[in-house]
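Input: a single structure, listed below in structure tokens.
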Amino acid sequence: MNRILLLGGSGILGSEVLVQLHQRKINYAAPSSSDLNVKDRVNLERDISEFKPNWIINCSAWTNVDGAEDSYEAALELNAVAVKNIGSLAKEFGCRVVHISTDYVFDGESSRPYGEDAPVSPINRYGRSKLQGEDVLLEILPDGAYVIRTSWLYGASGKNFVKTIAKKAIHNETAKVVDDQEGSPTSARDLAKGIMDLIERHPKPGVYHYSNTGSCTWFELAQSIYKKVGADSNLVSPISSSTLDLRARRPKYSLLSKEKWKSTGFSEIPNWESSLATLLPEILVEILKSEKI
Ligand SMILES: NC(=O)c1ccc[n+]([C@@H]2O[C@H](COP(=O)([O-])OP(=O)(O)OC[C@H]3O[C@@H](n4cnc5c(N)ncnc54)[C@H](OP(=O)(O)O)[C@@H]3O)[C@@H](O)[C@H]2O)c1
């Protein structure tokens with residue numbers, strides 16, 4: 001019987017993992033960030049020694065990509081130092097760890113999907129902090145660490161691109177969206193199910209890539225959202241990322257290859273369009289609920 005400690009259970013991904021744990025009647029603990037600050041090693045050790053998990057799922061992270069440029073130390077504390085503590089405590093208490101990482105470990109200069117062994121070379125500080133987290137975890141816990149890199153996560157919880165654009169679409173507002181970055185959106189629900197599959201089958205530890213299949217630009221994703229909510233997709237216009245003047249650079253291509261996931265025998269990953277169609281109604285409900293308050 002698995003006992004799972006979920007960290008970051010209130011986030012976009014964590015909240016979907018929480019649903020999976022609950023639905024599957026798994027014995028879990030999911031302390032909030034106010035009950036357990038993952039940067040606090042003493043409290044982390046207390047929770048692990050008391051709950052005695054055999055798995056830790058780490059969905060906690062510093063996810064403010066632009067903010068990491070100015071607050072790099074703070075991003076490192078969460079994305080690398082805390083991950084090191086999670087890894088060393090997992091080793092001490094004999095648990096395996098599923099840790100989530102990002103397509104932003106790549107520089108985006110490729111023209112074909114990145115495999116797990118492709119050279120990493122982050123072009124922003126968030127990506128660097130996440131890469132340090134991957135490295136330190138795999139080094140400390142080579143026999144029990146699973147690093148899942150994902151991209152463009154969205155879900156009904158938390159702030160995310162799909163939700164922001166869906167809100168504009170239902171109000172028939174215009175949206176200017178970059179058309180020079182290509183990748184794959186990932187439904188947090190699909191990834192949460194993928195994490196459960198991984199725990200069930202626990203294949204060889206290491207790095208795995210998971211995003212929905214197919215690819216698009218942010219502009220194409222926005223157009224698809226408009227169409228799916230019945231709004232006029234001509235309200236979305238393409239812009240170049242250089243016009244946004246963001247603090248952090250983004251890779252212009254970050255499609256992840258899912259060959260390893262497939263060849264490991266996991267169930268098929270859904271296409272991004274069909275997953276978007278599945279999750280969008282729940283996202284719309286969340287938007288409407290938040291607007292009623
Ligand atoms: N979002 C994306 O597009 C994307 C893309 C690729 C990879 N990823 C990776 O996927 C993972 C999940 O991302 P997400 O978008 O679901 O994140 P998110 O929505 O920003 O949620 C982050 C979670 O971390 C928790 N947290 C933050 N600081 C903490 C602390 N000191 N102690 C304990 N918990 C803390 C937050 O809790 P509170 O809410 O209480 O602060 C929240 O539950 C991350 O590793 C991220 O790097 C995300």
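Starting from 1 in every chain, residues are counted up; chains themselves are A, B, ... following the order of the structure tokens, and ligands are numbered from 1 as listed.
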Using DSSP on the backbone, list every residue of range 149-237 of chain A that comes out as alpha helix (DSSP H), and give them as an MDAnalysis selection string. chainID A and resid 161:170 188:201 218:228
So that each row is one residue of chain A with an atom at most 8 Å from ligand 1, can you give its shortest atom pair and the distance in Å to one decimal, using only C-alpha atoms and all ligand atoms, rows by chain and rising number, as CSV?
residue,atom,partner,partner_atom_place_in_ligand_line,distance
A:Leu7,CA,ligand 1,34 (N),6.1
A:Gly8,CA,ligand 1,43 (O),3.4
A:Gly9,CA,ligand 1,43 (O),4.9
A:Ser10,CA,ligand 1,43 (O),3.8
A:Gly11,CA,ligand 1,21 (O),3.3
A:Ile12,CA,ligand 1,16 (O),3.6
A:Leu13,CA,ligand 1,16 (O),3.8
A:Gly14,CA,ligand 1,16 (O),5.7
A:Ser15,CA,ligand 1,43 (O),7.7
A:Ser32,CA,ligand 1,40 (O),5.8
A:Ser33,CA,ligand 1,33 (C),3.8
A:Ser34,CA,ligand 1,40 (O),6.6
A:Leu36,CA,ligand 1,33 (C),5.8
A:Asn37,CA,ligand 1,32 (N),3.5
A:Val38,CA,ligand 1,32 (N),4.0
A:Lys39,CA,ligand 1,31 (N),5.4
A:Asp40,CA,ligand 1,31 (N),7.9
A:Asn58,CA,ligand 1,45 (O),7.2
A:Cys59,CA,ligand 1,12 (C),4.6
A:Ser60,CA,ligand 1,24 (O),3.2
A:Ala61,CA,ligand 1,24 (O),4.6
A:Trp62,CA,ligand 1,27 (C),6.0
A:Thr63,CA,ligand 1,20 (O),4.9
A:Asn64,CA,ligand 1,20 (O),7.3
A:Leu78,CA,ligand 1,31 (N),6.4
A:Asn79,CA,ligand 1,45 (O),7.6
A:His99,CA,ligand 1,45 (O),7.0
A:Ile100,CA,ligand 1,45 (O),4.4
A:Ser101,CA,ligand 1,45 (O),5.0
A:Thr102,CA,ligand 1,7 (C),3.9
A:Asp103,CA,ligand 1,6 (C),6.0
A:Tyr104,CA,ligand 1,6 (C),7.2
A:Lys130,CA,ligand 1,47 (O),6.8
A:Arg149,CA,ligand 1,7 (C),6.4
A:Thr150,CA,ligand 1,6 (C),4.7
A:Ser151,CA,ligand 1,6 (C),3.9
A:Trp152,CA,ligand 1,3 (O),3.9
A:Leu153,CA,ligand 1,3 (O),3.9
A:Tyr154,CA,ligand 1,3 (O),6.5
A:Ser157,CA,ligand 1,19 (O),7.5
A:Gly158,CA,ligand 1,19 (O),5.4
A:Lys159,CA,ligand 1,19 (O),7.0
A:Asn160,CA,ligand 1,1 (N),6.8
A:Ala188,CA,ligand 1,16 (O),7.6
For each of A:Gly144, A:Tyr210, A:Leu244, A:Ile195, take the minimum atom-to-atom distance to Val177 in chain A, counting only C-alpha atoms, then give the residue where this is smallest.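 Among the listed residues, A:Leu244 lies closest to Val177 in chain A.
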Of the candidates A:Lys289, A:Lys52, A:Lys25, A:Lys260, which shows the shortest atom-to-atom distance to Tyr208 in chain A, using only C-alpha atoms?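 Counting only C-alpha atoms, the residue closest to Tyr208 in chain A is A:Lys260.
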Would you mind listing what lies within 12 Å of Glu45 in chain A as a ChimeraX atom specification, with only C-alpha atoms counted and same-chain residues fewer than 6 positions away left out? /A:5,36-39,51-53,82,85-93
Find the residue from A:Glu291, A:Trp261, A:Val42, A:Glu69 that sits nearest to Leu191 in chain A; use only C-alpha atoms when measuring. A:Trp261
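For the pair CA of Trp218 in chain A and CA of Gly67 in chain A, the separation is 20.5 Å.
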Point-to-point distance in Å for CA of Glu50 in chain A and CA of Lys204 in chain A: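 Here the two named atoms are 27.9 Å from each other.
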When you look at Glu109 in chain A with a cut-off of 8 Å (counting only C-alpha atoms), what residues show up, excluding the ones that are within fewer than 4 positions of it in the same chain? I need them as a PyMOL selection string. chain A and resi 251-253
Selection to disk with N, CA and C atoms, as a PDB file, in the first residue's frame:
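Listing of result32.pdb after writing:
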ATOM      1  N   PRO A 251      12.301  30.013 -24.488  1.00  0.00           N
ATOM      2  CA  PRO A 251      12.742  29.242 -25.648  1.00  0.00           C
ATOM      3  C   PRO A 251      11.720  29.346 -26.789  1.00  0.00           C
ATOM      4  N   LYS A 252      12.210  29.478 -28.018  1.00  0.00           N
ATOM      5  CA  LYS A 252      11.231  29.639 -29.106  1.00  0.00           C
ATOM      6  C   LYS A 252      10.654  28.304 -29.563  1.00  0.00           C
ATOM      7  N   TYR A 253      11.283  27.228 -29.146  1.00  0.00           N
ATOM      8  CA  TYR A 253      10.772  25.894 -29.485  1.00  0.00           C
ATOM      9  C   TYR A 253      11.033  25.001 -28.273  1.00  0.00           C
TER      10      TYR A 253
END
For range 21-24 of chain A, please output as a compact mmCIF listing (two decimals) with N, CA and C atoms, in the first residue's frame all residues within 10 Å (counting only C-alpha atoms; exclusion window: fewer than 6 positions along the same chain).
# COMPACT_ATOMS: atom_id res chain seq x y z
N ILE A 4 1.52 8.43 0.29
CA ILE A 4 2.09 9.49 -0.55
C ILE A 4 2.02 10.86 0.12
N LEU A 6 2.20 14.65 -0.66
CA LEU A 6 2.11 15.59 -1.79
C LEU A 6 2.52 16.98 -1.32
N SER A 15 -3.25 20.48 -7.44
CA SER A 15 -4.67 20.29 -7.11
C SER A 15 -5.27 19.14 -7.93
N ALA A 30 -1.29 15.92 2.40
CA ALA A 30 -1.02 17.03 1.49
C ALA A 30 -1.01 18.34 2.28
N ALA A 192 -1.45 14.61 -14.06
CA ALA A 192 -1.69 14.01 -12.74
C ALA A 192 -1.96 12.51 -12.88
N LYS A 193 -2.71 12.14 -13.92
CA LYS A 193 -2.97 10.70 -14.17
C LYS A 193 -1.66 10.01 -14.56
N MET A 196 0.29 9.19 -11.55
CA MET A 196 -0.25 8.00 -10.86
C MET A 196 0.19 6.72 -11.57
Between CA of Ala166 in chain A and CA of Asn212 in chain A, measure the distance and give it in Å to one decimal.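 Atom-to-atom, CA of Ala166 in chain A and CA of Asn212 in chain A are spaced 19.0 Å apart.
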DSSP on the backbone, then: every residue of range 24-174 of chain A marked strand (DSSP E or B), written as a list of chain:residue names.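 Residues of range 24-174 of chain A classed as strand (DSSP E or B): A:Asn27, A:Tyr28, A:Ala29, A:Trp55, A:Ile56, A:Ile57, A:Asn58, A:Arg96, A:Val97, A:Val98, A:His99, A:Ile100, A:Ser101, A:Thr102, A:Tyr114, A:Ala145, A:Tyr146, A:Val147, A:Ile148, A:Arg149, A:Thr150, A:Leu153, A:Tyr154.
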